[in-house]
file model_6.txt (compact mmCIF, C-alpha atoms)
# COMPACT_ATOMS: atom_id res chain seq x y z
CA MET A 1 29.07 29.54 -37.08
CA SER A 2 29.41 28.82 -40.79
CA PRO A 3 32.60 29.69 -42.72
CA TRP A 4 30.55 32.09 -44.84
CA THR A 5 29.79 34.33 -41.85
CA ARG A 6 33.53 34.52 -41.06
CA TRP A 7 34.22 35.87 -44.54
CA PRO A 8 34.09 39.70 -44.22
CA LEU A 9 32.28 40.26 -47.54
CA THR A 10 28.72 39.56 -48.60
CA ALA A 11 27.92 38.00 -51.97
CA ARG A 12 27.55 41.52 -53.35
CA GLY A 13 30.85 42.60 -51.81
CA THR A 14 32.62 39.50 -53.08
CA GLY A 15 31.34 40.18 -56.55
CA ALA A 16 32.46 43.81 -56.34
CA ALA A 17 35.95 42.74 -55.24
CA LEU A 18 36.24 40.22 -58.06
CA LEU A 19 35.03 42.81 -60.56
CA ALA A 20 37.58 45.33 -59.27
CA ALA A 21 40.36 42.78 -59.74
CA LEU A 22 39.14 41.91 -63.22
CA CYS A 23 38.94 45.59 -64.25
CA PHE A 24 42.46 46.14 -62.93
CA VAL A 25 43.82 43.26 -65.02
CA LEU A 26 41.94 44.29 -68.17
CA ALA A 27 42.96 47.95 -67.77
CA HIS A 28 46.63 46.99 -67.85
CA GLN A 29 46.24 44.38 -70.55
CA PHE A 30 44.28 46.53 -72.99
CA GLY A 31 45.39 49.99 -71.83
CA ILE A 32 41.89 51.24 -70.89
CA PRO A 33 42.25 53.86 -68.12
CA GLU A 34 38.52 53.95 -67.48
CA LEU A 35 38.66 50.35 -66.27
CA LEU A 36 41.46 51.31 -63.90
CA TYR A 37 39.30 54.10 -62.44
CA LEU A 38 36.38 51.68 -62.07
CA SER A 39 38.67 49.15 -60.39
CA LEU A 40 39.91 51.78 -57.94
CA LEU A 41 36.40 52.97 -57.18
CA LEU A 42 35.13 49.47 -56.47
CA ALA A 43 38.14 48.68 -54.29
CA LEU A 44 37.67 51.88 -52.30
CA GLY A 45 33.97 51.11 -51.85
CA VAL A 46 34.65 47.60 -50.57
CA GLY A 47 37.47 48.83 -48.30
CA ALA A 48 35.32 51.63 -46.87
CA SER A 49 32.51 49.16 -46.20
CA ILE A 50 34.83 46.88 -44.23
CA ALA A 51 36.18 49.86 -42.30
CA THR A 52 32.71 51.04 -41.26
CA LEU A 53 31.96 47.64 -39.71
CA TYR A 54 35.32 46.72 -38.16
CA PHE A 55 36.95 50.02 -37.24
CA VAL A 56 34.11 52.44 -36.49
CA ARG A 57 33.11 51.95 -32.87
CA SER A 58 29.48 51.12 -32.07
CA THR A 59 27.73 50.03 -28.89
CA GLU A 60 24.92 47.50 -28.73
CA ARG A 61 23.11 46.30 -25.64
CA VAL A 62 20.32 43.76 -25.41
CA SER A 63 17.66 43.23 -22.74
CA ARG A 64 15.70 40.00 -22.79
CA ALA A 65 12.33 39.14 -21.21
CA PHE A 66 10.35 35.90 -21.03
CA SER A 67 6.61 35.44 -21.00
CA PRO A 68 5.82 33.63 -18.79
CA ASP A 69 8.79 34.31 -16.49
CA ILE A 70 8.83 30.69 -15.29
CA ALA A 71 8.03 27.99 -17.83
CA THR A 72 6.82 24.45 -17.25
CA VAL A 73 7.83 21.44 -19.31
CA GLY A 74 6.00 21.47 -22.63
CA GLN A 75 4.99 25.12 -22.38
CA GLU A 76 5.65 27.74 -25.06
CA VAL A 77 7.62 30.82 -24.01
CA LEU A 78 7.62 34.16 -25.78
CA VAL A 79 11.16 35.60 -25.82
CA ARG A 80 11.27 39.34 -26.44
CA MET A 81 14.54 41.27 -26.92
CA ARG A 82 15.25 44.97 -27.17
CA VAL A 83 18.57 45.83 -28.82
CA ASP A 84 19.78 49.39 -28.13
CA ILE A 85 22.28 50.64 -30.72
CA ARG A 86 24.64 53.59 -30.50
CA SER A 87 26.65 54.02 -33.72
CA PRO A 88 27.89 57.03 -35.73
CA LEU A 89 26.98 55.28 -38.99
CA PRO A 90 23.82 53.56 -40.22
CA ALA A 91 23.79 49.78 -40.72
CA GLY A 92 22.19 47.77 -43.48
CA GLN A 93 19.89 44.80 -43.14
CA GLY A 94 21.45 41.72 -41.54
CA ARG A 95 20.60 38.50 -39.72
CA TRP A 96 20.25 37.56 -36.06
CA HIS A 97 20.16 34.32 -34.08
CA ASP A 98 19.59 33.75 -30.37
CA ARG A 99 21.42 30.72 -29.00
CA LEU A 100 19.14 28.04 -27.49
CA PRO A 101 20.48 25.33 -25.16
CA ASP A 102 19.56 21.66 -24.97
CA GLY A 103 16.08 21.37 -23.53
CA VAL A 104 14.68 24.41 -25.36
CA ASN A 105 13.54 24.35 -28.96
CA GLY A 106 12.39 27.07 -31.33
CA ASP A 107 13.07 29.16 -34.42
CA SER A 108 15.25 31.79 -32.75
CA GLY A 109 16.49 33.78 -35.72
CA GLY A 110 15.41 36.19 -38.39
CA VAL A 111 16.17 39.36 -40.33
CA PHE A 112 17.86 42.17 -38.42
CA PRO A 113 16.36 45.42 -39.79
CA GLN A 114 18.31 48.35 -41.16
CA THR A 115 19.15 50.96 -38.51
CA HIS A 116 19.94 54.66 -38.58
CA SER A 117 22.94 56.38 -37.03
CA GLY A 118 22.71 57.77 -33.51
CA MET A 119 25.07 58.26 -30.58
CA ARG A 120 22.59 59.55 -28.00
CA GLN A 121 21.38 57.48 -25.08
CA GLY A 122 18.02 56.00 -26.01
CA GLY A 123 18.80 56.24 -29.71
CA PRO A 124 17.86 53.60 -32.30
CA ALA A 125 16.42 50.41 -30.81
CA VAL A 126 15.29 47.18 -32.42
CA THR A 127 12.70 44.82 -30.93
CA LEU A 128 13.07 41.13 -31.74
CA GLU A 129 10.91 38.24 -30.56
CA TYR A 130 10.33 34.56 -31.11
CA THR A 131 8.55 31.62 -29.50
CA ALA A 132 10.43 28.72 -27.92
CA THR A 133 9.18 25.49 -26.34
CA ALA A 134 10.50 24.33 -22.96
CA LEU A 135 11.22 20.63 -23.38
CA ARG A 136 13.27 19.68 -20.30
CA ARG A 137 13.29 20.70 -16.66
CA GLY A 138 16.16 22.81 -15.32
CA ILE A 139 17.67 26.26 -15.55
CA ARG A 140 18.55 26.84 -19.20
CA GLN A 141 20.76 29.65 -20.47
CA ILE A 142 19.15 31.55 -23.36
CA GLY A 143 21.57 33.53 -25.52
CA PRO A 144 23.80 35.29 -26.24
CA LEU A 145 22.37 37.03 -29.28
CA ALA A 146 24.47 36.70 -32.46
CA VAL A 147 24.08 39.39 -35.11
CA VAL A 148 25.46 39.37 -38.66
CA SER A 149 25.41 43.08 -39.61
CA THR A 150 26.15 44.67 -42.99
CA ASP A 151 27.22 48.13 -44.14
CA PRO A 152 24.71 50.44 -45.87
CA PHE A 153 25.98 49.34 -49.32
CA GLY A 154 25.70 45.66 -48.49
CA PHE A 155 29.36 44.93 -49.35
CA ALA A 156 30.76 43.82 -45.95
CA GLN A 157 29.41 41.75 -43.07
CA ARG A 158 30.47 41.20 -39.47
CA ARG A 159 29.30 38.59 -37.03
CA HIS A 160 29.36 39.52 -33.35
CA THR A 161 27.54 38.63 -30.13
CA VAL A 162 25.47 41.08 -28.13
CA GLY A 163 24.88 40.77 -24.40
CA ALA A 164 25.13 37.67 -22.27
CA ALA A 165 23.02 34.57 -21.74
CA VAL A 166 19.98 34.89 -19.47
CA PRO A 167 18.66 31.96 -17.39
CA LEU A 168 15.20 30.57 -18.02
CA THR A 169 13.75 28.40 -15.24
CA ILE A 170 11.77 25.40 -16.47
CA ALA A 171 9.68 23.81 -13.71
CA PRO A 172 8.21 20.29 -13.80
CA LEU A 173 4.80 19.75 -15.34
CA ILE A 174 1.90 19.62 -12.85
CA ALA A 175 -0.63 17.01 -13.96
CA ASP A 176 -4.30 17.34 -13.06
CA PHE A 177 -4.77 14.63 -10.44
CA GLY A 178 -8.31 13.65 -9.46
CA ALA A 179 -9.95 14.30 -6.09
CA LEU A 180 -9.79 11.92 -3.12
CA THR A 181 -13.38 10.74 -3.23
CA ASP A 182 -13.11 8.01 -0.59
CA GLN A 183 -11.31 9.92 2.15
CA PRO A 184 -12.95 11.19 5.36
CA GLY A 185 -14.77 14.47 4.94
CA GLU A 186 -17.13 15.77 2.33
CA ALA A 187 -17.40 13.76 -0.86
CA GLY A 188 -15.65 15.02 -3.91
CA GLY A 189 -12.41 15.93 -2.20
CA SER A 190 -13.42 19.20 -0.53
CA MET A 191 -11.53 20.80 2.35
CA HIS A 192 -11.05 18.40 5.28
CA THR A 193 -11.06 19.26 8.98
CA THR A 194 -10.25 17.21 12.06
CA THR A 195 -10.52 18.07 15.73
CA ASP A 196 -8.28 17.62 18.74
CA ARG A 197 -9.90 17.75 22.15
CA LEU A 198 -7.68 20.18 23.98
CA GLY A 199 -8.11 22.60 26.88
CA GLN A 200 -8.56 25.68 24.71
CA GLY A 201 -9.82 26.50 21.24
CA THR A 202 -12.97 27.68 19.56
CA ASP A 203 -16.45 28.13 20.99
CA ASN A 204 -17.49 24.56 20.14
CA LEU A 205 -17.99 23.37 23.75
CA ILE A 206 -18.19 19.71 24.79
CA PRO A 207 -18.89 18.94 28.47
CA ARG A 208 -17.00 16.18 30.26
CA HIS A 209 -16.89 14.89 33.79
CA TYR A 210 -15.07 16.96 36.39
CA LEU A 211 -11.59 15.67 37.28
CA PRO A 212 -9.53 16.65 40.32
CA GLY A 213 -7.39 19.64 39.41
CA ASP A 214 -9.85 21.16 36.92
CA SER A 215 -10.41 24.87 37.42
CA MET A 216 -13.74 25.89 38.92
CA ARG A 217 -13.99 28.53 36.23
CA ARG A 218 -14.38 25.74 33.66
CA ILE A 219 -17.46 24.20 35.27
CA HIS A 220 -20.33 23.89 32.77
CA TRP A 221 -23.23 24.78 35.11
CA ARG A 222 -26.02 24.00 32.66
CA ALA A 223 -24.65 20.52 31.90
CA SER A 224 -23.96 19.95 35.59
CA ALA A 225 -27.60 20.79 36.49
CA HIS A 226 -28.89 18.57 33.70
CA ARG A 227 -26.81 15.54 34.73
CA ASP A 228 -26.84 16.23 38.47
CA GLU A 229 -23.04 15.99 38.65
CA LEU A 230 -20.17 18.39 38.02
CA MET A 231 -19.27 18.79 34.35
CA VAL A 232 -16.53 20.99 32.88
CA ARG A 233 -16.12 22.61 29.47
CA GLN A 234 -13.76 21.04 26.94
CA GLU A 235 -13.38 22.98 23.73
CA GLU A 236 -12.66 21.54 20.31
CA GLN A 237 -9.80 23.05 18.39
CA GLU A 238 -9.76 22.77 14.63
CA THR A 239 -6.47 21.53 13.20
CA THR A 240 -5.28 21.08 9.65
CA PRO A 241 -4.85 17.45 8.55
CA GLU A 242 -1.39 16.59 7.32
CA ALA A 243 -0.12 14.69 4.29
CA ILE A 244 3.36 13.63 3.23
CA VAL A 245 4.76 13.26 -0.28
CA VAL A 246 8.09 11.43 -0.60
CA LEU A 247 10.45 11.74 -3.56
CA ASP A 248 12.90 8.84 -3.40
CA ARG A 249 16.20 10.29 -4.66
CA GLY A 250 18.33 7.27 -3.79
CA VAL A 251 20.61 6.91 -6.80
CA ARG A 252 20.55 3.09 -6.64
CA ARG A 253 16.95 3.11 -7.83
CA TRP A 254 17.62 5.40 -10.80
CA VAL A 255 19.92 5.40 -13.80
CA VAL A 256 23.19 7.25 -13.29
CA GLU A 257 22.11 10.17 -15.52
CA ALA A 258 19.45 11.13 -12.97
CA ALA A 259 22.20 12.30 -10.61
CA ARG A 260 24.15 14.31 -13.20
CA ALA A 261 21.75 17.06 -14.21
CA PRO A 262 18.03 17.87 -14.20
CA GLY A 263 16.06 16.97 -17.27
CA VAL A 264 18.38 14.19 -18.44
CA ASP A 265 16.66 10.98 -17.27
CA PRO A 266 13.03 10.65 -18.50
CA GLY A 267 12.16 8.35 -15.62
CA PHE A 268 13.31 10.76 -12.94
CA GLU A 269 11.50 13.59 -14.73
CA THR A 270 8.28 11.58 -14.52
CA ALA A 271 8.87 11.08 -10.80
CA VAL A 272 9.42 14.78 -10.12
CA SER A 273 6.28 15.67 -12.07
CA ALA A 274 4.29 13.05 -10.16
CA CYS A 275 5.49 14.45 -6.82
CA VAL A 276 4.55 18.05 -7.47
CA SER A 277 1.23 16.92 -8.99
CA ALA A 278 0.43 14.92 -5.85
CA VAL A 279 1.34 17.89 -3.66
CA SER A 280 -0.92 20.13 -5.75
CA ARG A 281 -3.88 17.76 -5.41
CA LEU A 282 -3.46 17.26 -1.65
CA VAL A 283 -3.14 21.01 -1.09
CA GLN A 284 -6.38 21.49 -3.01
CA GLU A 285 -7.95 18.89 -0.73
CA GLY A 286 -7.09 21.05 2.28
CA TYR A 287 -4.12 19.10 3.63
CA GLN A 288 -0.95 20.68 4.92
CA VAL A 289 1.59 18.92 2.71
CA THR A 290 5.28 18.32 3.29
CA LEU A 291 7.57 17.08 0.54
CA VAL A 292 10.55 15.07 1.81
CA ASP A 293 13.26 12.74 0.58
CA ILE A 294 12.99 9.09 1.60
CA ASP A 295 15.26 9.74 4.60
CA GLY A 296 13.04 12.61 5.80
CA SER A 297 15.16 15.47 4.45
CA PRO A 298 12.76 18.30 3.53
CA LEU A 299 12.62 19.30 -0.13
CA GLY A 300 10.60 22.43 0.56
CA ASP A 301 8.62 24.23 3.22
CA PRO A 302 5.30 22.72 4.35
CA ILE A 303 2.41 24.04 2.23
CA ASP A 304 -0.89 24.89 3.90
CA GLY A 305 -4.16 23.66 2.48
CA GLY A 306 -5.41 25.81 -0.38
CA ASP A 307 -2.06 27.59 -0.84
CA THR A 308 -1.66 27.37 -4.63
CA THR A 309 1.14 29.93 -4.55
CA GLY A 310 3.11 27.60 -2.31
CA VAL A 311 2.69 24.83 -4.88
CA GLU A 312 4.05 27.10 -7.62
CA LEU A 313 7.06 28.02 -5.48
CA LEU A 314 7.70 24.33 -4.78
CA ALA A 315 7.61 23.56 -8.51
CA ILE A 316 10.21 26.26 -9.09
CA ALA A 317 12.38 24.82 -6.30
CA LEU A 318 12.16 21.38 -7.95
CA ALA A 319 13.48 22.75 -11.24
CA THR A 320 17.02 21.73 -10.27
CA VAL A 321 16.48 18.64 -8.11
CA THR A 322 18.44 15.49 -9.04
CA ALA A 323 19.04 12.04 -7.62
CA ARG A 324 21.72 11.90 -4.93
CA ARG A 325 23.65 9.49 -2.74
CA ASP A 326 22.19 6.08 -2.12
CA LEU A 327 19.46 6.10 0.53
CA PRO A 328 18.00 2.91 2.02
CA THR A 329 14.25 2.38 1.73
CA GLU A 330 14.23 1.39 5.42
CA SER A 331 14.63 5.09 6.22
CA LEU A 332 10.97 5.79 5.43
CA ALA A 333 9.71 3.09 7.80
CA ARG A 334 11.85 4.55 10.60
CA LEU A 335 10.58 8.03 9.75
CA VAL A 336 6.89 7.20 10.24
CA SER A 337 7.40 4.71 13.08
CA GLY A 338 5.23 5.58 16.07
CA THR A 339 3.24 8.22 14.17
CA SER A 340 0.04 8.38 12.20
CA THR A 341 -0.61 10.66 9.25
CA GLY A 342 -3.09 11.24 6.49
CA PRO A 343 -2.18 10.46 2.88
CA LEU A 344 1.42 9.39 2.28
CA VAL A 345 2.54 9.30 -1.35
CA LEU A 346 5.86 7.66 -2.19
CA VAL A 347 7.30 8.19 -5.69
CA THR A 348 10.26 5.94 -6.40
CA GLY A 349 12.26 4.23 -9.12
CA ALA A 350 13.31 0.61 -9.58
CA ILE A 351 12.54 -0.99 -6.23
CA ASP A 352 12.97 -4.72 -5.71
CA ASP A 353 11.38 -7.29 -3.41
CA ALA A 354 13.75 -6.35 -0.59
CA ASP A 355 12.68 -2.73 -0.88
CA ALA A 356 9.02 -3.74 -0.88
CA ALA A 357 9.60 -5.72 2.32
CA ALA A 358 11.39 -2.75 3.92
CA LEU A 359 8.45 -0.51 3.05
CA ALA A 360 5.82 -2.96 4.34
CA PRO A 361 5.33 -1.25 7.76
CA VAL A 362 4.62 2.17 6.23
CA PRO A 363 0.98 1.69 5.09
CA HIS A 364 -0.12 0.99 8.68
CA HIS A 365 0.76 4.58 9.60
CA SER A 366 -1.19 6.32 6.81
CA SER A 367 -4.86 6.72 5.92
CA LEU A 368 -3.96 6.64 2.22
CA PRO A 369 -0.61 4.97 1.40
CA VAL A 370 0.16 5.43 -2.32
CA LEU A 371 3.26 4.02 -4.02
CA LEU A 372 4.06 5.23 -7.54
CA SER A 373 7.02 3.48 -9.17
CA VAL A 374 8.65 4.49 -12.43
CA SER A 375 10.40 1.23 -13.24
CA ALA A 376 9.58 -1.48 -10.70
CA HIS A 377 8.64 -4.95 -11.95
CA GLN A 378 4.95 -5.89 -11.78
CA SER A 379 5.65 -8.68 -9.29
CA VAL A 380 7.35 -6.21 -6.94
CA LEU A 381 4.36 -3.89 -7.11
CA ALA A 382 2.06 -6.83 -6.38
CA HIS A 383 4.20 -7.65 -3.35
CA ALA A 384 3.91 -4.05 -2.13
CA ALA A 385 0.14 -4.08 -2.69
CA GLU A 386 -0.17 -7.13 -0.44
CA THR A 387 1.33 -5.10 2.43
CA GLY A 388 -1.29 -2.34 2.12
CA TRP A 389 0.11 0.03 -0.46
CA ARG A 390 -2.03 1.34 -3.29
CA VAL A 391 0.40 0.93 -6.16
CA ALA A 392 0.70 2.14 -9.74
CA ALA A 393 3.38 1.94 -12.41
CA ILE A 394 4.29 5.29 -13.96
CA PRO A 395 6.83 4.71 -16.76
CA PRO A 396 8.04 7.81 -18.64
CA ASP A 397 5.24 7.54 -21.22
CA ALA A 398 2.50 7.00 -18.63
CA ASP A 399 -0.62 9.12 -18.16
CA LEU A 400 0.06 10.34 -14.62
CA ALA A 401 -3.48 11.50 -13.98
CA ALA A 402 -4.91 8.12 -15.03
CA ALA A 403 -2.44 6.25 -12.81
CA TRP A 404 -3.29 8.45 -9.82
CA ASN A 405 -7.03 8.15 -10.35
CA GLY A 406 -6.69 4.39 -10.58
CA VAL A 407 -5.28 4.12 -7.05
CA VAL A 408 -7.24 6.81 -5.19
CA ASP A 409 -10.72 6.17 -6.61
CA ARG A 410 -10.94 2.76 -4.99
CA ARG A 411 -9.19 0.49 -2.52
CA GLY A 412 -6.68 -1.71 -4.32
CA THR A 413 -4.02 -1.49 -6.94
CA HIS A 414 -3.50 -0.07 -10.38
CA VAL A 415 -0.39 -1.48 -11.99
CA GLY A 416 -1.01 -0.50 -15.57
CA ALA A 417 1.08 2.17 -17.31

call {"tool": "encode", "arguments": {"input": "model_6.txt", "output": "structure tokens"}}
result
Amino acid sequence: MSPWTRWPLTARGTGAALLAALCFVLAHQFGIPELLYLSLLLALGVGASIATLYFVRSTERVSRAFSPDIATVGQEVLVRMRVDIRSPLPAGQGRWHDRLPDGVNGDSGGVFPQTHSGMRQGGPAVTLEYTATALRRGIRQIGPLAVVSTDPFGFAQRRHTVGAAVPLTIAPLIADFGALTDQPGEAGGSMHTTTDRLGQGTDNLIPRHYLPGDSMRRIHWRASAHRDELMVRQEEQETTPEAIVVLDRGVRRWVVEAARAPGVDPGFETAVSACVSAVSRLVQEGYQVTLVDIDGSPLGDPIDGGDTTGVELLAIALATVTARRDLPTESLARLVSGTSTGPLVLVTGAIDDADAAALAPVPHHSSLPVLLSVSAHQSVLAHAAETGWRVAAIPPDADLAAAWNGVVDRRGTHVGA
């Protein structure tokens, strides 16, 4: 707040006060009573103006709405405010300014229009709006609204705040990752299906040889007659293929700012964006996707294939995620030991050769092992690629979609930024 806004008089009011003082001095010096009357009139006008702003009670309430309600990094947000005013006196034209936090940028001020008097509920209301740009992930407090109001004569001014700050959620950016063109299933990355041969399921029937203990009701008579031996029905049951996305939050592999607050470390922001982008692509491919930390701790509920709403909810949940206590990379190898899954995407920070060695067993348990590193050295990525990972470097200024496409469009590595 500038010193000028703390001064209770406007430029016009200051001039009127100085003129009143000058008239008072000249009236006594030259014995001109008319100047004394003018001095008194100006002083009374300035005093009455101050009184109307500082001593006459008025009530102002503000309601604030965002469009869209949830922003993503880099997106413009329309902020609309309605200011309800209940005052026995009218107010002159003033200025307003809505406070914006770090991570949000915009021209959040303007001219506050003149208002009429009114004490009834639903009386005079002013609508204000501006456009802001969401620059950094997190929950950012917008407001409060500061208003510099003036009296109807424009002599006095008062700066006061209206309402409280309102949180705006800024989710990570979801990049447009390309389809998995070389994975099992239809080309072009369409919905995948796999089958498990179980004892119950759909009407897709597959005969097999009779085994002791099989129910006679399951005998497939037509197949038995054709093969001249007892055959029983075994149905196929469609299941949803699974994929895992891992966000490595181990603080040792990030700068210390990544653990303090969301939106502070550009490298960690790139990692979060890469994770939710990978989840979005895999969900579009028809996989049931689970996002976990490197130790297996879930970072959201599993998302079924095709559930775009689930992806949006996950992005909102990731608005506040930060790095945390140190987690060993060996945890991921233990997590997938003895299992087999579809795509497994690991997004991490500054891994070293020891980390690459600890992660070496993981690719053998995945049909598509992808390692995206924000700040690992090229030699470390080459080491990881030798163990079966598809690797890519994703520094803060990287094109995430290009890096992803470079590792999923073909077998091999893509270590460029």

call {"tool": "residues_around", "arguments": {"input": "model_6.txt", "residues": "A:Thr341", "least_positions_apart": "5", "cutoff": "8 Å", "atoms": "all atoms listed in the file", "output": "ChimeraX atom specification"}}
result
/A:242-244,365-367

call {"tool": "atom_distance", "arguments": {"input": "model_6.txt", "atom1": "atom CA of A:Ser297", "atom2": "atom CA of A:Leu335"}}
result
10.2 Å

call {"tool": "residues_around", "arguments": {"input": "model_6.txt", "residues": "stretch 273-275 of chain A", "least_positions_apart": "3", "cutoff": "9 Å", "atoms": "only C-alpha atoms", "output": "list in words"}}
result
Ala171, Pro172, Leu173, Ile174, Ala175, Val245, Val246, Leu247, Phe268, Glu269, Thr270, Ala278, Val279, Ser280, Leu291, Ala315, Val345, Leu346, Val347, Leu372, Ile394, Leu400, Ala401 and Trp404 of chain A

call {"tool": "closest_residue", "arguments": {"input": "model_6.txt", "among": "A:Val380, A:Leu344, A:Ala261, A:Leu135", "to": "A:Thr322", "atoms": "all atoms listed in the file"}}
result
A:Ala261

call {"tool": "residues_around", "arguments": {"input": "model_6.txt", "residues": "A:Cys23", "least_positions_apart": "2", "cutoff": "7 Å", "atoms": "all atoms listed in the file", "output": "MDAnalysis selection string"}}
result
chainID A and resid 19:21 25:27 35:36 38:39

call {"tool": "residues_around", "arguments": {"input": "model_6.txt", "residues": "A:Ile316", "least_positions_apart": "3", "cutoff": "8 Å", "atoms": "all atoms listed in the file", "output": "list in words"}}
result
Ile70, Thr169, Ile170, Ala171, Pro172, Glu312, Leu313 and Ala319 of chain A

call {"tool": "closest_residue", "arguments": {"input": "model_6.txt", "among": "A:Glu285, A:Phe153, A:Asp304, A:Val276", "to": "A:Gly178", "atoms": "only C-alpha atoms"}}
result
A:Glu285

call {"tool": "closest_residue", "arguments": {"input": "model_6.txt", "among": "A:Gly13, A:Arg325, A:Val283, A:Ala146", "to": "A:Gly310", "atoms": "only C-alpha atoms"}}
result
A:Val283
